[in-house]
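Colleague: start.txt is reproduced below (compact mmCIF, C-alpha atoms and all ligand atoms).
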# COMPACT_ATOMS: atom_id res chain seq x y z
CA MET A 313 79.23 86.71 101.99
CA ALA A 314 80.48 90.24 101.54
CA THR A 315 84.10 91.04 102.18
CA LEU A 316 86.51 93.95 102.12
CA ILE A 317 89.06 93.97 99.33
CA ALA A 318 91.38 96.44 97.67
CA LEU A 319 89.72 97.90 94.59
CA HIS A 320 90.81 96.18 91.37
CA PRO A 321 90.42 97.28 87.72
CA SER A 322 88.17 94.24 87.11
CA TYR A 323 85.45 96.00 89.16
CA HIS A 324 85.23 98.84 86.64
CA SER A 325 81.66 98.35 85.41
CA SER A 326 80.25 97.33 88.80
CA TRP A 327 82.01 100.27 90.48
CA LEU A 328 80.62 102.70 87.88
CA GLU A 329 77.11 101.30 88.29
CA GLY A 330 77.25 101.43 92.10
CA THR A 331 78.80 104.87 92.18
CA ALA A 332 76.14 106.27 89.84
CA GLU A 333 73.48 105.24 92.39
CA PHE A 334 74.78 107.85 94.85
CA ALA A 335 73.64 110.58 92.44
CA GLY A 336 75.83 113.19 94.10
CA GLU A 337 75.40 112.00 97.71
CA HIS A 338 78.72 111.96 99.59
CA ARG A 339 80.49 108.65 99.00
CA GLY A 340 82.20 108.21 102.37
CA GLY A 341 85.43 106.24 102.19
CA ALA A 342 85.56 106.19 98.40
CA GLY A 343 88.51 108.52 97.86
CA GLY A 344 89.33 109.74 94.38
CA GLU A 345 89.09 113.48 94.99
CA GLY A 346 90.23 115.11 91.79
CA TRP A 347 88.76 112.40 89.54
CA SER A 348 85.46 113.00 87.79
CA LEU A 349 83.05 110.14 87.22
CA MET A 350 83.04 111.07 83.56
CA GLU A 351 86.77 110.49 83.15
CA LEU A 352 86.64 107.29 85.21
CA ARG A 353 84.42 105.72 82.56
CA ASP A 354 87.62 105.29 80.60
CA VAL A 355 89.21 101.95 81.44
CA ASN A 356 92.76 103.32 81.45
CA ALA A 357 91.85 106.24 83.68
CA PHE A 358 90.10 103.83 86.05
CA SER A 359 93.22 101.63 86.25
CA LYS A 360 95.31 104.67 87.12
CA PHE A 361 92.73 105.74 89.72
CA VAL A 362 92.83 102.26 91.28
CA ALA A 363 96.64 102.28 91.37
CA ASP A 364 96.69 105.73 93.00
CA LEU A 365 94.04 104.73 95.54
CA ASN A 366 95.94 101.60 96.57
CA ALA A 367 99.26 103.46 96.67
CA ASP A 368 97.83 105.87 99.25
CA ALA A 369 98.45 103.22 101.92
CA LEU A 370 102.20 103.66 101.47
CA PRO A 371 103.70 106.38 103.69
CA GLU A 372 106.09 107.43 100.90
CA SER A 373 103.34 108.06 98.33
CA PRO A 374 102.84 111.72 97.39
CA ARG A 375 99.83 113.37 99.03
CA LYS A 376 98.57 116.83 99.81
CA PRO A 377 100.23 118.55 102.80
CA GLY A 378 98.53 117.50 106.04
CA TYR A 379 96.91 114.41 104.50
CA VAL A 380 97.66 111.03 106.11
CA PRO A 381 98.23 107.58 104.56
CA CYS A 382 94.97 105.72 103.96
CA THR A 383 93.96 102.16 103.15
CA TYR A 384 91.03 102.24 100.72
CA LEU A 385 88.85 99.14 100.55
CA CYS A 386 85.67 98.06 98.79
CA ILE A 387 82.77 96.07 100.12
CA VAL A 388 82.09 93.38 97.52
CA GLU A 389 79.95 90.29 97.25
CA ARG A 390 79.99 87.83 94.35
CA GLN A 391 82.09 90.24 92.24
CA ARG A 392 79.57 93.04 92.84
CA PHE A 393 80.73 96.39 94.19
CA LEU A 394 78.57 97.32 97.20
CA GLY A 395 80.41 100.15 98.87
CA SER A 396 83.61 101.76 100.06
CA LEU A 397 85.54 102.02 103.30
CA VAL A 398 88.69 103.90 104.19
CA ILE A 399 91.02 103.38 107.14
CA ARG A 400 93.15 106.43 107.91
CA HIS A 401 96.40 105.31 109.46
CA GLU A 402 96.69 108.28 111.81
CA LEU A 403 94.75 111.34 112.85
CA ASN A 404 95.46 114.95 111.97
CA GLU A 405 93.70 117.86 113.63
CA PHE A 406 90.63 117.66 111.38
CA LEU A 407 90.32 113.87 111.67
CA LEU A 408 90.62 114.04 115.47
CA GLU A 409 87.81 116.58 115.63
CA GLU A 410 85.48 115.36 112.90
CA GLY A 411 86.69 112.81 110.39
CA GLY A 412 87.83 109.88 112.53
CA HIS A 413 89.91 106.89 111.45
CA ILE A 414 87.29 105.09 109.35
CA GLY A 415 84.77 106.29 106.77
CA TYR A 416 82.34 104.22 104.72
CA SER A 417 79.38 104.22 102.39
CA VAL A 418 77.09 101.61 100.84
CA ARG A 419 75.41 101.97 97.45
CA PRO A 420 71.74 102.86 97.94
CA SER A 421 70.40 99.62 96.40
CA ALA A 422 72.34 97.52 98.96
CA ARG A 423 71.47 99.44 102.12
CA GLY A 424 69.68 98.07 105.17
CA ARG A 425 71.15 94.57 104.91
CA GLY A 426 73.94 94.90 107.45
CA TYR A 427 76.76 95.42 104.96
CA ALA A 428 78.19 98.53 106.63
CA THR A 429 77.89 97.04 110.12
CA ARG A 430 79.83 93.93 109.12
CA ALA A 431 82.35 95.93 107.06
CA LEU A 432 83.17 98.10 110.05
CA GLY A 433 83.70 94.98 112.17
CA GLU A 434 86.11 93.60 109.60
CA ALA A 435 87.83 96.97 109.25
CA LEU A 436 88.60 97.06 112.97
CA SER A 437 90.78 93.96 112.60
CA ILE A 438 92.54 95.54 109.64
CA ALA A 439 93.05 98.76 111.60
CA ARG A 440 94.58 96.79 114.44
CA ASN A 441 96.87 95.13 111.89
CA LEU A 442 97.90 98.60 110.75
CA GLY A 443 98.80 99.52 114.33
CA VAL A 444 95.69 101.57 115.12
CA SER A 445 94.61 100.20 118.49
CA HIS A 446 92.19 102.98 119.49
CA VAL A 447 89.89 103.76 116.58
CA LEU A 448 87.95 107.02 116.37
CA LEU A 449 84.57 106.80 114.61
CA THR A 450 82.44 109.82 113.90
CA CYS A 451 79.04 110.54 112.43
CA ALA A 452 76.78 113.52 112.00
CA GLU A 453 74.23 113.91 114.81
CA GLY A 454 71.44 113.23 112.32
CA ASN A 455 72.98 110.14 110.72
CA ALA A 456 70.96 107.51 112.59
CA ALA A 457 72.16 104.62 110.43
CA SER A 458 75.83 105.39 110.96
CA ARG A 459 75.26 105.90 114.67
CA THR A 460 73.66 102.44 114.88
CA ILE A 461 76.56 100.90 112.96
CA ILE A 462 79.17 102.43 115.28
CA GLU A 463 77.29 101.53 118.46
CA LYS A 464 76.70 97.93 117.26
CA ASN A 465 80.46 97.63 116.82
CA GLY A 466 81.07 98.71 120.41
CA GLY A 467 81.67 102.41 119.92
CA VAL A 468 82.01 104.29 123.21
CA TYR A 469 80.61 107.79 122.90
CA GLU A 470 83.03 110.51 123.95
CA ASP A 471 81.42 113.78 122.93
CA SER A 472 79.90 115.81 120.11
CA ARG A 473 81.78 118.59 118.41
CA ARG A 474 80.08 120.98 115.97
CA GLY A 475 77.31 118.48 115.20
CA THR A 476 79.58 115.45 114.94
CA ARG A 477 79.27 112.53 117.36
CA ARG A 478 82.65 111.04 118.34
CA TYR A 479 83.14 107.45 119.47
CA TRP A 480 86.15 105.29 120.31
CA ILE A 481 86.53 101.58 119.74
CA TYR A 482 89.42 99.61 121.19
CA ALA A 483 90.57 97.42 118.30
CA GLY A 484 93.29 95.61 120.24
CA LEU A 485 97.04 95.25 120.27
CA ALA A 486 99.39 93.09 118.27
CA ASP A 487 100.74 90.07 120.10
CA GLU A 488 104.45 89.36 119.83
CA ASP A 489 103.83 86.28 117.70
CA GLY A 490 102.13 88.39 115.06
CA SER A 491 98.57 87.32 115.87
CA PHE A 492 96.13 89.82 117.25
CA ARG A 493 93.69 90.00 120.11
CA ARG A 494 90.81 92.29 120.91
C1 LIG A 501 75.27 104.85 106.56
C2 LIG A 501 75.32 103.71 105.54
C3 LIG A 501 76.80 103.39 105.28
C4 LIG A 501 74.60 102.50 106.11
O1 LIG A 501 74.87 101.37 105.29
P1 LIG A 501 73.99 100.03 105.46
O2 LIG A 501 74.74 98.91 104.81
O3 LIG A 501 72.62 100.30 104.99
O4 LIG A 501 74.01 99.86 107.03
P2 LIG A 501 73.57 98.54 107.84
O5 LIG A 501 72.52 97.83 107.05
O6 LIG A 501 74.79 97.81 108.24
O7 LIG A 501 72.99 99.11 109.19
C5 LIG A 501 72.22 100.23 109.25
C6 LIG A 501 71.56 100.21 110.61
O8 LIG A 501 71.05 101.50 110.82
C7 LIG A 501 69.65 101.39 110.95
N1 LIG A 501 69.07 102.53 110.30
C8 LIG A 501 69.02 102.81 109.00
N2 LIG A 501 68.37 103.96 108.81
C9 LIG A 501 68.00 104.38 110.02
C10 LIG A 501 67.27 105.47 110.49
N3 LIG A 501 66.84 106.44 109.67
N4 LIG A 501 67.05 105.57 111.80
C11 LIG A 501 67.51 104.64 112.66
N5 LIG A 501 68.22 103.57 112.28
C12 LIG A 501 68.45 103.45 110.97
C13 LIG A 501 69.26 100.11 110.26
O9 LIG A 501 68.04 99.63 110.76
C14 LIG A 501 70.42 99.24 110.65
O10 LIG A 501 70.28 98.78 111.98
P3 LIG A 501 69.76 97.28 112.26
O11 LIG A 501 70.82 96.38 111.70
O12 LIG A 501 69.68 97.23 113.74
O13 LIG A 501 68.46 97.15 111.56
C15 LIG A 501 74.63 104.11 104.21
O14 LIG A 501 73.33 104.55 104.50
C16 LIG A 501 75.35 105.19 103.44
O15 LIG A 501 76.23 104.90 102.61
N6 LIG A 501 75.03 106.45 103.72
C17 LIG A 501 75.69 107.58 103.05
C18 LIG A 501 77.13 107.74 103.52
C19 LIG A 501 77.24 107.82 105.02
O16 LIG A 501 76.40 108.40 105.70
N7 LIG A 501 78.34 107.25 105.56
C20 LIG A 501 78.63 107.28 106.97
C21 LIG A 501 79.34 108.53 107.28
S1 LIG A 501 79.71 108.58 109.03
Would you mind writing the structure in this file as structure tokens?
Ligand SMILES: CC(C)(COP(=O)(O)OP(=O)(O)OC[C@H]1O[C@@H](n2cnc3c(N)ncnc32)[C@H](O)[C@@H]1OP(=O)(O)O)[C@@H](O)C(=O)NCCC(=O)NCCS

Modeller:
Amino acid sequence: MATLIALHPSYHSSWLEGTAEFAGEHRGGAGGEGWSLMELRDVNAFSKFVADLNADALPESPRKPGYVPCTYLCIVERQRFLGSLVIRHELNEFLLEEGGHIGYSVRPSARGRGYATRALGEALSIARNLGVSHVLLTCAEGNAASRTIIEKNGGVYEDSRRGTRRYWIYAGLADEDGSFRR
């Protein structure tokens, strides 16, 4: 069964293989702006990339002005990298209009098997754990697959802005005892 985990250096070769499949297509939720795939072939560079990616979840980590803390996760199954998912801990102006709280992508060879749908479901629990109770999901008007994924996870359509469909999902609130409900 696939699950969401923090990226780890041990996924280097699988991550490289999966990432190459995108062949330039936008890798939603993958992070790593500023790193080229060429340099990430180096094992030491990849370890640094992984450390930076995971550190982005910490509010005190350095980031570009206006950028928000993010939890980057990978969809994996049997040690195989299948895709990426990011949970943005808060919204800035751009994210409120277009980006949303959660972004994701699945490597082309693993598409159409429900991985993204289930990953989003799992991510909603993680978002709730991070204190995000109302989760904004967005997709381009023409992205039928992403639209299906959001609607299957209970997304309530709010509106479309500049070609982007905007949905909200109530992820739930923390209970006082530390457990969570939806
Ligand atoms: C969008 C994406 C993440 C989907 O990943 P996936 O693992 O294949 O998605 P799933 O298998 O969970 O579900 C896709 C659903 O969309 C449906 N779908 C796929 N292509 C479709 C199309 N062209 N028209 C209508 N529905 C479509 C599938 O049938 C499936 O629904 P079903 O479970 O009812 O059959 C993947 O295509 C991708 O990485 N795309 C590029 C990045 C991207 O667009 N990210 C989202 C940005 S908002």

Colleague: Using CA of Asp471 in chain A and CA of Ala456 in chain A as the two end points, give the distance in Å to one decimal.

Modeller: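 Separation of CA of Asp471 in chain A and CA of Ala456 in chain A: 16.0 Å.
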
Colleague: Could you tell me, counting only C-alpha atoms and all ligand atoms, which protein and nucleic acid residues lie no more than 7 Å from ligand LIG 501 (chain A), written as a list in words?

Modeller: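 Residues lying within 7 Å of ligand LIG 501 (chain A): Glu337, His338, Arg339, Gly340, Gly415, Tyr416, Ser417, Val418, Arg419, Pro420, Ala422, Arg423, Gly424, Arg425, Gly426, Tyr427, Ala428, Thr429, Arg430, Thr450, Cys451, Ala452, Asn455, Ala456, Ala457, Ser458, Thr460 and Ile461 of chain A.
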
Colleague: Counting only C-alpha atoms, find the residues whose atoms lie at most 12 Å from (79.5, 99.8, 116.3) (file coordinates) and write them out as a PyMOL selection string.

Modeller: chain A and resi 414+426+428-436+447-451+457-469+478-483

Colleague: So, with all atoms listed in the file as the atoms that count, which of A:His320, A:Gly412, A:Glu453, A:Ser472 lies closest to Tyr384 in chain A?

Modeller: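 Of A:His320, A:Gly412, A:Glu453, A:Ser472, the one nearest Tyr384 in chain A is A:His320, counting all atoms listed in the file.
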
Colleague: What lies within 9 Å of range 365-376 of chain A using all atoms listed in the file, ignoring chain neighbours under 2 positions off, as an MDAnalysis selection string?

Modeller: chainID A and resid 318:319 343:344 360:363 378:385 400:401

Colleague: Extending 3 Å beyond the listed atoms of range 321-329 of chain A on each side, what axis-aligned box results? I want centre and edge lengths in Å to one decimal, as AutoDock Vina command-line options.

Modeller:
--center_x 83.8 --center_y 98.5 --center_z 87.9 --size_x 19.3 --size_y 14.5 --size_z 11.1

Colleague: Taking 3 positions as the minimum chain separation for residues in the same chain, which residues sit within 9 Å of Gln391 in chain A when counting all atoms listed in the file? Answer as number ranges by chain.

Modeller: A: 322-323, 326, 388

Colleague: Take the residues that were just selected and, keeping C-alpha atoms, output them as an mmCIF file, in the coordinates of the input.

Modeller:
data_model
loop_
_atom_site.group_PDB
_atom_site.id
_atom_site.type_symbol
_atom_site.label_atom_id
_atom_site.label_comp_id
_atom_site.auth_asym_id
_atom_site.auth_seq_id
_atom_site.Cartn_x
_atom_site.Cartn_y
_atom_site.Cartn_z
ATOM 1 C CA SER A 322 88.170 94.240 87.110
ATOM 2 C CA TYR A 323 85.450 96.000 89.160
ATOM 3 C CA SER A 326 80.250 97.330 88.800
ATOM 4 C CA VAL A 388 82.090 93.380 97.520
#

Colleague: When you draw a straight line from CA of Glu402 in chain A to CA of Ala314 in chain A, how long is it in Å?

Modeller: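 Rounded to one decimal, the two atoms are 26.3 Å apart.
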
Colleague: Could you work out how far CA of Asp364 in chain A lies from CA of Phe393 in chain A, giving the answer in Å with one decimal?

Modeller: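 Atom-to-atom, CA of Phe393 in chain A and CA of Asp364 in chain A are spaced 18.5 Å apart.
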